[in-house]
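Please read the structure below before turning to the comments.
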Amino acid sequence: MATPGEADESIPSGLDEAEEEQEPPEIDWDWTCNVALPHFAFITQYMLPLRHIQLKTNEAIKREFQDAVSTPSGTSLKFVGSVTSGLELPKVVNREFHDISLHTILIVPDDITVYKSIQNLAETTGVHLTAHGTGKQSGFVKLKINKGEKVGCEIEEKDTMYLSVEALSNKYKIQLPEASDKSMMKRLEKASVAIRCPSWPNIAKEWSDRKRPSEWPTKELVDSIVQDGCHLIPGHHPNSKDTNTEWEWDFSVAEQKLAKTLTDYQRQCFLLFKMLYYIGFDYPYFITEDHLKWIFYMVCDRIPQSEWTEQEIAPIMLCLVDEVLHALINGELPHYFIAKRNTIDHIPEDFIFDLMERVSKTRQNALQYLYRFNKIYKFSFWPKTQNLEDIFAPLMKDMEDQHDKIRDSMLNGLNPSGEALAICHIKEDNFAEACNIQADLLKMLQAHFGEANVPYTLVSLLESLAMSLGDLDYTIKFFEYILDTYPEGRTYSAKGNLACFYSNKYHTLPADDPDKGKLLQKTKDLFQEAISDPNASGATFTDYSNFLCGTGDHETAIPYLKRVLEKEKDKMVSSNMYGPEEIATVDGNVQREIQTAGQISVPAVVYSMYLLIMAYKKLNREDEARALIKDFEEVVDSMETVTVIQSCSLLGYAYKSLEMHLDAFRAFHKAANLAANHKKECLEIATGNRDTCKAILASQGIVVETTGPGNSADSQDENIAAGKAPIEKEDIPEGDGSVEAKEDSPEGDGSDETKEDSPEGDGSDETKEDSPEGDGSVEAKKDIPECDVSVKAVEDALATLESLQLTEKKPFGSLFVDENSRTFRRMANSYFDVQETNKVKQHERLIEIEAFFAKTQEEASINIKTSLDYATFKCKINQHADAIPCLLQILDERNSYVPINYGATEMSLVDDNMQREIESIVGNILILPMAIYTLYLLVGTYIQTDQKEEAVLKMSIFETLVAAMKPQNQCESLCLMGYSYQALDMHQEAYHCFKVVYSRNVSYKLAEENRDLCQAVLLSQGITLESKDATEYFDAHFSLPEGAEVEDEQPQEGVTVSIDSERFPLVSLRLGPDQPKTEDDSHTKKETEMAEPDLD
């Protein structure tokens, strides 16, 4: 499909295109809780998005309560607290949780008023009270009933009448309806009678005169609040005994006015602060939400509203926690409106210390506490099926690296985490929330990098998200939602991509599905709508052509493909990408690329050429295909290195379809070379395709020799490959190696041979021609640039391992991994993919594997590598006895140095030691001589079947084969030998195996770990490491002994090597105390037959 966000001029490459001079600042850290602040800000924004913070009006609250509340006669209700201030946490859906302030409803009697003094009573009506301080604590008063006033709720103290808290509260109590829901009842329980005080109290005068650095609240707002006065509500100091006569100054109406002027970011910050409170220090109940609000408002006084930004919310929230801790340390937390009142002076010292510890832990683990809140409670807008901590795993991994580049964090942590969260919502059918999350992500990217430097639109981000879902049905539904919701998203690209998904759905439906015909027409119509756009790119036409070819309509596709070539051949401006969601829409070759590399992404002109050649082939127009394929090669050769890998593979498939196998081999070989250095996920399939072509050529009598997966091949057409024309000399790309093509010929016949050479300091090509009697040959020499040591080692290893092959027919058939071999590995992997609890399914898979292996044996089509894979599988499922005959047969075939390789896709097939070796090797492909791996398995099976003596005897052959290899090729084999020694509890020998490997390659960390493990075992046994016998043996360079005799009379039948026992003492040393040496079992002259090694 067309790459999202494509443009006619260029294909956006992402955030890496941002201008260098506009590089975002380095990452700031809060070292107290050890979090990167940009990461913390990202988490807080997604944990509590601004759009889910509500500010309800008094009218809205009244509408909620009007059916449930009967207002007491002679009163009015004032709705205050968190709800009307926008400071209430969102609804929790998974458990009972009510976030409410201390007072939600004030019941205000109409005829009772409090004044500062009796002088204020002139020309007033109703009951008049005066407030008198208790003389004990600031902020609490007694309400004196003046002479002549009648309230009916008075209480007498020392000849003075005071208003009774209990009596007045009972008089104006709201009756709770029996059918009220729990939430309503919780709110009504907090209803409180309140006496109106129209004058601002003197004790709060400091608040109105306070100087505020933030200039919030404004002077106008302060004056308005003072003008409105406040209330008195039932309340006494915790240490007071006058519980029935003390009243507390209440400023909740003033707080409501203040809260309405807060910014969304300020509200968000306070709510996050509350989330930490509910998890970290809400118990014991000495710190309340009122304390949080007072601290919050005091910080608002200091920090200007302009500084409460998306990126600053996290550090300010942490600052709020710091303020709580400092208050506890100092033993003083002032009331926001009454600065003289210490709101925590009643907390016992023991509890102060306990709270300090709780708050300190909350501060140190702020992020983990927010995650804990997510696990305990669930807001309605949070994913129901996954915790946020799991979703934000990429972000946490990036934070663990502790680098200082925000660009890297955006690409590797923040962006993937945002996408993962959106995907969770999509799969819960919450498409709107997923779109909002992507909008937040875009906003954050633009804030960090600058809007001009972010090459995305919201629609392009959503399209990209849709294509990464991995679920075809959800992909289609979400794509349809995007096109319906965002008119600007109805582009030719979006329509074409959705049509591709329709096409995939069409191919996955059963043939008799009644909706299949409708879906086919729907796909055609949408494609036609997309390509009718005058701005439609070549990629969209290519997608449509791919659809037509998939339905067998190649003739209709050809004009569209030619149009792409005309438009984009000289300038590639669009690309096509196909992933698992579109796998049913592409042919078998492209399917294998997707299955191996995860996706295929190539320029539209490349994929159009591939489809066009395949269409010509289907229509028996091979001449036109051959005429086009050279242009195809020129286009691929003109491409940049990183983008050319899969294009080379498509070129190889095109050549292969035309039976031009040597050219196909060259294309796949070039793909393998580039993949080894630039895109390792493509290496396995490229080398597999190359080896397939190599096997086909070998069956035709053409030997193609390579020096490794990282080198390119000389290109030659079919006639040259068949020996009908001399081999042409071509330039070799920089850094590439060579391919040598030989044609087997009877004695005395002529042959063409292409060779490489590297004259010192000379980059010229030299061609020599010798003409012995009637026998002509051509030799071409080319310079080979110096390779990296590790690459050179791989090349030498392959040269050593492969140089002996294709010289004779082997009983097991072809030595190359053919389709049967690949099929067996896939079947084995499918067995391990089944959950262990599903024994029935596993048994069915096992029967299928056994039947396949038996069938291929009967047809004589199985190769020796598949036989070894079968033995590997048997060992992995603990059927070791069944593996032994197979392994012994492989050893008898004398194919000792035939290469076998295992990579990342075979991890489930091999044992733990092999898995660690594969993971530790660059490219994740382990190449070993077949006999080495066979002996490693055989030793293990003998140990598992209680045949330890047989295992020890096989170690002598193991030693011989490893010693016969070149030193630079021994490392992996030495490691397997070390593992075998470990299994035999021969830790001294294992130690020296790993020691030799690490001494040759200090970057081989796994060898170092294994060496140290053996060392620890030996030390625990009190064994000195430098044992004379083992040390002398291994320190003697581990090569063929001086006493070895190599008979080379019949190299094609094998080589006999006689081993001097004095240089190979390990096995005889370790036969055991109960097995004395005899003439027969001392191995003084162990004769071992093996295929010819490279002894140079």
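Each chain of the structure tokens is named A, B, ... in the order shown, its residues numbered from 1; ligands are numbered from 1 in display order.
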
Skipping near chain neighbours, those fewer than 5 positions away, what residues fall within 10 Å of Leu367 in chain A using only C-alpha atoms, listed as a ChimeraX atom specification?
-> /A:33-35,40,43-44,276,314,362,372-373,389

Backbone DSSP call of alpha helix (DSSP H) for range 848-1040 of chain A, listed as a PDB file with C-alpha atoms, in the first residue's frame:
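That gives us result-v8.pdb:
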ATOM      1  CA  GLU A 848       2.318 -34.250  11.276  1.00  0.00           C
ATOM      2  CA  ILE A 849       6.081 -33.777  11.757  1.00  0.00           C
ATOM      3  CA  GLU A 850       6.763 -37.538  11.971  1.00  0.00           C
ATOM      4  CA  ALA A 851       4.628 -38.187   8.887  1.00  0.00           C
ATOM      5  CA  PHE A 852       6.399 -35.471   6.909  1.00  0.00           C
ATOM      6  CA  PHE A 853       9.848 -36.781   7.847  1.00  0.00           C
ATOM      7  CA  ALA A 854       8.905 -40.373   7.005  1.00  0.00           C
ATOM      8  CA  LYS A 855       7.441 -39.335   3.658  1.00  0.00           C
ATOM      9  CA  THR A 856      10.510 -37.356   2.631  1.00  0.00           C
ATOM     10  CA  GLN A 857      12.752 -40.288   3.587  1.00  0.00           C
ATOM     11  CA  GLU A 858      10.721 -42.617   1.356  1.00  0.00           C
ATOM     12  CA  ILE A 864      21.390 -34.198   5.518  1.00  0.00           C
ATOM     13  CA  LYS A 865      20.591 -30.849   7.139  1.00  0.00           C
ATOM     14  CA  THR A 866      16.935 -31.763   7.503  1.00  0.00           C
ATOM     15  CA  SER A 867      17.987 -35.029   9.103  1.00  0.00           C
ATOM     16  CA  LEU A 868      20.043 -33.065  11.632  1.00  0.00           C
ATOM     17  CA  ASP A 869      17.098 -30.714  12.201  1.00  0.00           C
ATOM     18  CA  TYR A 870      14.969 -33.772  12.927  1.00  0.00           C
ATOM     19  CA  ALA A 871      17.499 -34.987  15.499  1.00  0.00           C
ATOM     20  CA  THR A 872      17.573 -31.476  17.022  1.00  0.00           C
ATOM     21  CA  PHE A 873      13.797 -31.546  17.316  1.00  0.00           C
ATOM     22  CA  LYS A 874      13.856 -34.968  18.978  1.00  0.00           C
ATOM     23  CA  CYS A 875      16.397 -33.756  21.519  1.00  0.00           C
ATOM     24  CA  LYS A 876      14.340 -30.631  22.249  1.00  0.00           C
ATOM     25  CA  HIS A 880      16.864 -38.497  22.990  1.00  0.00           C
ATOM     26  CA  ALA A 881      16.935 -42.224  22.309  1.00  0.00           C
ATOM     27  CA  ASP A 882      15.194 -41.641  18.950  1.00  0.00           C
ATOM     28  CA  ALA A 883      17.802 -39.045  17.997  1.00  0.00           C
ATOM     29  CA  ILE A 884      20.894 -41.252  18.518  1.00  0.00           C
ATOM     30  CA  PRO A 885      20.558 -43.493  15.381  1.00  0.00           C
ATOM     31  CA  CYS A 886      19.963 -40.432  13.225  1.00  0.00           C
ATOM     32  CA  LEU A 887      23.008 -38.627  14.638  1.00  0.00           C
ATOM     33  CA  LEU A 888      25.258 -41.674  14.196  1.00  0.00           C
ATOM     34  CA  GLN A 889      24.129 -42.001  10.585  1.00  0.00           C
ATOM     35  CA  ILE A 890      25.020 -38.339   9.947  1.00  0.00           C
ATOM     36  CA  LEU A 891      28.533 -38.936  11.341  1.00  0.00           C
ATOM     37  CA  ASP A 892      28.942 -42.010   9.091  1.00  0.00           C
ATOM     38  CA  ASP A 912      19.427 -22.993  25.701  1.00  0.00           C
ATOM     39  CA  ASN A 913      23.166 -23.000  24.934  1.00  0.00           C
ATOM     40  CA  MET A 914      22.550 -22.594  21.228  1.00  0.00           C
ATOM     41  CA  GLN A 915      19.995 -19.867  21.882  1.00  0.00           C
ATOM     42  CA  ARG A 916      22.520 -17.853  23.876  1.00  0.00           C
ATOM     43  CA  GLU A 917      25.137 -18.295  21.148  1.00  0.00           C
ATOM     44  CA  ILE A 918      22.703 -17.113  18.456  1.00  0.00           C
ATOM     45  CA  GLU A 919      21.696 -14.068  20.482  1.00  0.00           C
ATOM     46  CA  SER A 920      25.324 -13.104  21.112  1.00  0.00           C
ATOM     47  CA  MET A 930      27.736 -30.210  10.698  1.00  0.00           C
ATOM     48  CA  ALA A 931      29.846 -32.862  12.462  1.00  0.00           C
ATOM     49  CA  ILE A 932      30.594 -30.427  15.305  1.00  0.00           C
ATOM     50  CA  TYR A 933      26.924 -29.766  15.938  1.00  0.00           C
ATOM     51  CA  THR A 934      26.135 -33.494  15.503  1.00  0.00           C
ATOM     52  CA  LEU A 935      28.721 -34.436  18.134  1.00  0.00           C
ATOM     53  CA  TYR A 936      27.420 -31.731  20.460  1.00  0.00           C
ATOM     54  CA  LEU A 937      23.918 -33.233  20.213  1.00  0.00           C
ATOM     55  CA  LEU A 938      25.246 -36.787  20.463  1.00  0.00           C
ATOM     56  CA  VAL A 939      27.187 -36.100  23.651  1.00  0.00           C
ATOM     57  CA  GLY A 940      24.083 -34.509  25.138  1.00  0.00           C
ATOM     58  CA  THR A 941      21.848 -37.442  24.183  1.00  0.00           C
ATOM     59  CA  TYR A 942      24.292 -39.965  25.645  1.00  0.00           C
ATOM     60  CA  ILE A 943      24.304 -38.025  28.909  1.00  0.00           C
ATOM     61  CA  GLN A 944      20.488 -37.860  28.957  1.00  0.00           C
ATOM     62  CA  LYS A 948      28.209 -41.187  29.983  1.00  0.00           C
ATOM     63  CA  GLU A 949      31.078 -43.411  28.886  1.00  0.00           C
ATOM     64  CA  GLU A 950      29.922 -43.225  25.274  1.00  0.00           C
ATOM     65  CA  ALA A 951      29.685 -39.458  25.613  1.00  0.00           C
ATOM     66  CA  VAL A 952      33.262 -39.231  26.912  1.00  0.00           C
ATOM     67  CA  LEU A 953      34.521 -41.381  24.044  1.00  0.00           C
ATOM     68  CA  LYS A 954      32.824 -39.138  21.505  1.00  0.00           C
ATOM     69  CA  MET A 955      34.716 -36.165  22.938  1.00  0.00           C
ATOM     70  CA  SER A 956      37.921 -37.536  21.367  1.00  0.00           C
ATOM     71  CA  ILE A 957      36.356 -37.188  17.911  1.00  0.00           C
ATOM     72  CA  PHE A 958      35.090 -33.750  18.935  1.00  0.00           C
ATOM     73  CA  GLU A 959      38.662 -32.709  19.841  1.00  0.00           C
ATOM     74  CA  THR A 960      40.062 -34.052  16.598  1.00  0.00           C
ATOM     75  CA  LEU A 961      37.627 -32.214  14.357  1.00  0.00           C
ATOM     76  CA  VAL A 962      37.997 -28.890  16.175  1.00  0.00           C
ATOM     77  CA  ALA A 963      41.796 -29.178  16.138  1.00  0.00           C
ATOM     78  CA  CYS A 971      35.522 -20.170  18.185  1.00  0.00           C
ATOM     79  CA  GLU A 972      31.912 -21.334  17.874  1.00  0.00           C
ATOM     80  CA  SER A 973      33.001 -24.978  17.763  1.00  0.00           C
ATOM     81  CA  LEU A 974      35.143 -24.507  20.865  1.00  0.00           C
ATOM     82  CA  CYS A 975      32.137 -23.025  22.655  1.00  0.00           C
ATOM     83  CA  LEU A 976      30.010 -26.087  21.850  1.00  0.00           C
ATOM     84  CA  MET A 977      32.855 -28.311  23.015  1.00  0.00           C
ATOM     85  CA  GLY A 978      32.957 -26.293  26.229  1.00  0.00           C
ATOM     86  CA  TYR A 979      29.233 -26.805  26.764  1.00  0.00           C
ATOM     87  CA  SER A 980      29.704 -30.541  26.231  1.00  0.00           C
ATOM     88  CA  TYR A 981      32.492 -30.641  28.816  1.00  0.00           C
ATOM     89  CA  GLN A 982      30.252 -28.749  31.241  1.00  0.00           C
ATOM     90  CA  ALA A 983      27.514 -31.327  30.748  1.00  0.00           C
ATOM     91  CA  HIS A 987      34.709 -28.023  34.191  1.00  0.00           C
ATOM     92  CA  GLN A 988      38.478 -27.730  33.900  1.00  0.00           C
ATOM     93  CA  GLU A 989      38.431 -28.547  30.186  1.00  0.00           C
ATOM     94  CA  ALA A 990      35.330 -26.404  29.675  1.00  0.00           C
ATOM     95  CA  TYR A 991      37.097 -23.490  31.399  1.00  0.00           C
ATOM     96  CA  HIS A 992      39.987 -23.652  28.945  1.00  0.00           C
ATOM     97  CA  CYS A 993      37.685 -23.929  25.918  1.00  0.00           C
ATOM     98  CA  PHE A 994      35.924 -20.695  26.845  1.00  0.00           C
ATOM     99  CA  LYS A 995      39.209 -19.108  27.900  1.00  0.00           C
ATOM    100  CA  VAL A 996      40.743 -19.698  24.446  1.00  0.00           C
ATOM    101  CA  VAL A 997      37.663 -18.243  22.720  1.00  0.00           C
ATOM    102  CA  TYR A 998      37.656 -15.119  24.866  1.00  0.00           C
ATOM    103  CA  SER A 999      41.411 -14.606  24.457  1.00  0.00           C
ATOM    104  CA  ARG A1000      40.942 -14.553  20.685  1.00  0.00           C
ATOM    105  CA  LYS A1005      31.128 -11.633  26.245  1.00  0.00           C
ATOM    106  CA  LEU A1006      29.232 -14.914  26.379  1.00  0.00           C
ATOM    107  CA  ALA A1007      32.524 -16.831  26.321  1.00  0.00           C
ATOM    108  CA  GLU A1008      33.759 -14.655  29.184  1.00  0.00           C
ATOM    109  CA  GLU A1009      30.618 -15.403  31.214  1.00  0.00           C
ATOM    110  CA  ASN A1010      30.939 -19.147  30.592  1.00  0.00           C
ATOM    111  CA  ARG A1011      34.641 -19.067  31.519  1.00  0.00           C
ATOM    112  CA  ASP A1012      33.897 -17.275  34.777  1.00  0.00           C
ATOM    113  CA  LEU A1013      31.114 -19.754  35.570  1.00  0.00           C
ATOM    114  CA  CYS A1014      33.476 -22.689  35.159  1.00  0.00           C
ATOM    115  CA  GLN A1015      36.057 -20.866  37.248  1.00  0.00           C
ATOM    116  CA  ALA A1016      33.550 -20.412  40.062  1.00  0.00           C
ATOM    117  CA  VAL A1017      32.594 -24.113  39.992  1.00  0.00           C
ATOM    118  CA  LEU A1018      36.240 -25.182  40.123  1.00  0.00           C
ATOM    119  CA  LEU A1019      37.063 -22.833  42.966  1.00  0.00           C
ATOM    120  CA  SER A1020      34.075 -24.157  44.928  1.00  0.00           C
ATOM    121  CA  LYS A1028      49.294 -28.866  34.084  1.00  0.00           C
ATOM    122  CA  ASP A1029      47.758 -31.305  31.613  1.00  0.00           C
ATOM    123  CA  ALA A1030      44.864 -29.135  30.483  1.00  0.00           C
ATOM    124  CA  THR A1031      46.878 -25.916  30.397  1.00  0.00           C
ATOM    125  CA  GLU A1032      49.652 -27.369  28.268  1.00  0.00           C
ATOM    126  CA  TYR A1033      47.118 -28.849  25.916  1.00  0.00           C
ATOM    127  CA  PHE A1034      45.160 -25.670  25.314  1.00  0.00           C
ATOM    128  CA  ASP A1035      48.117 -23.291  25.390  1.00  0.00           C
TER     129      ASP A1035
END

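The gap separating CA of Ile645 in chain A from CA of Ala675 in chain A is 6.4 Å, in Å to one decimal.
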
For Asn202 in chain A, the nearest of the candidates A:Pro304, A:His132, A:Gln311, A:Cys693, counting only C-alpha atoms | A:His132
